[in-house]
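Chemist: Structure provided below as structure tokens; questions to follow.
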Amino acid sequence: MILKEKLFLANCDSVRRLSEQEVRARFMAGVLFADGVVLSPNLLMDNPSIISLLSSDAVQRWFKSDRHNESKLVIRGFNLGSELSLAEYFTALDDNYVVSQLGGVAKKDLTSEQWNHMMKALKKADETLSSYQPAVVALPKQPGALTEHIHSRLKSPSALAAAERQRHVHLHTLALAEQGGLPLGSRSDWYMALGTLAVPATQRDQFRLEVVDACYNGLFVAPGEAFVMDRIAGLSRFPPWLLESGIAIGSRRETLAALKTGYDL
């Protein structure tokens, strides 16, 4: 374990549209290198492969190896009850919610067959998650919180000349986005607004990564936690077999240690 805190898997939802392989690598890195993993309910719905990984014997042993009886799996998000039910959570979402695992169709446009498919998959996911007894943390819904975070992030000058120049570029991008007249409540709203701006693509991409994504993730991350972002050096260079082997070895080591403790007693 490299990080002594839990790792929030940032930028793995339908807005970012990462490949299944990249999401899998981020999750496995969080399991292997941190003291636990923090997931959002949207991430679980958008990435069925995460549920598949949680069904793995090696991953289950790793999550259940905590010596302090503290859950290594945390589900954190808005509008959550004391007990997690992805099926109920999905049912309560707005009709315009985009279901990424079904090709980006809006929830209101689901056919009866697609709805039944989602309910079956989510109920199966609920069964898998219940075996972990995850810590469920409900966040208060704060309209406009993302925009407030963005303004706060860009408010203070930087002592470094290069960073200060970049801040002014971001402020210019911010002004253009707000002058566009489009709604800016959610992260997807910000992405859409940025896509309409007549600025270089690199300028839009930097604002999205360094400002919008960072501020959005800040809504979910608790003090003392880390979060996986797009430009963590070296993450993409870890081959999947190495991450999975590391987890398998680590979980078996915990099992052997527990057996040895019982024998010594």
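Quick note on naming: the chains in the structure tokens go A, B, ... in the order shown, residues restart at 1 in each chain, and ligands are numbered from 1 in order of appearance.
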Enumerate the residues of segment 17-180 of chain A with a DSSP assignment of alpha helix (DSSP H), computed from the backbone, and present them as a VMD selection string.
Modeler: chain A and resid 20 to 33 41 to 46 48 to 54 57 to 63 86 to 92 112 to 130 145 to 155 161 to 179
Chemist: When DSSP works through the backbone of this structure, what residues of segment 126-220 of chain A end up as strand (DSSP E or B), shown as number ranges by chain?
Modeler: A: 135-139
Chemist: Can I get the selection written as a tab-separated table (two decimals), in the first residue's frame, with C-alpha atoms?
Modeler:
chain	number	residue	atom	x	y	z
A	135	ALA	CA	-19.99	2.55	4.08
A	136	VAL	CA	-22.69	4.69	2.43
A	137	VAL	CA	-22.14	8.44	2.67
A	138	ALA	CA	-24.88	10.81	1.49
A	139	LEU	CA	-23.78	14.24	0.29
Chemist: Taking only C-alpha atoms into account, which of A:Arg208, A:Ala145, A:Ser188, A:Leu73 comes nearest Asn96 of chain A?
Modeler: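 Result for the nearest residue to Asn96 of chain A: A:Ser188.
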Chemist: Out of A:Val38, A:Ala201, A:Ile150, A:Val169, which residue has the shortest atom-to-atom distance to Leu7 of chain A when counting only C-alpha atoms?
Modeler: A:Val38
Chemist: Here is a test: counting only C-alpha atoms, which residue of A:Ala58, A:Met192, A:Ala106, A:Cys215 is nearest to Leu93 of chain A?
Modeler: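 Residue with the minimum atom-to-atom distance to Leu93 of chain A: A:Ala106.
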Chemist: As an exercise, work out the distance from atom CA of Ser55 of chain A to atom CA of Ser131 of chain A in Å and give it to one decimal place.
Modeler: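 These two atoms are separated by 9.6 Å.
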Chemist: I need the residue nearest Met119 of chain A from this list: A:Ile51, A:Val199, A:Met45, A:Ala177. Use only C-alpha atoms for the distance.
Modeler: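 The closest residue to Met119 of chain A is A:Met45.
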Chemist: Measuring between only C-alpha atoms, which one of A:Tyr191, A:Ala198, A:Val221, A:Val211 shows the shortest distance to His170 of chain A?
Modeler: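 That would be A:Val211, the residue with the smallest distance to His170 of chain A.
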Chemist: Rounded to one decimal, what separation in Å do you get between atom CA of Ile50 of chain A and atom CA of Ala214 of chain A?
Modeler: 22.5 Å
Chemist: From the list A:Thr128, A:Ser71, A:Gln21, A:Ser85, which residue is nearest Ser52 of chain A when using only C-alpha atoms?
Modeler: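 Ranking A:Thr128, A:Ser71, A:Gln21, A:Ser85 by distance to Ser52 of chain A, first place goes to A:Thr128.
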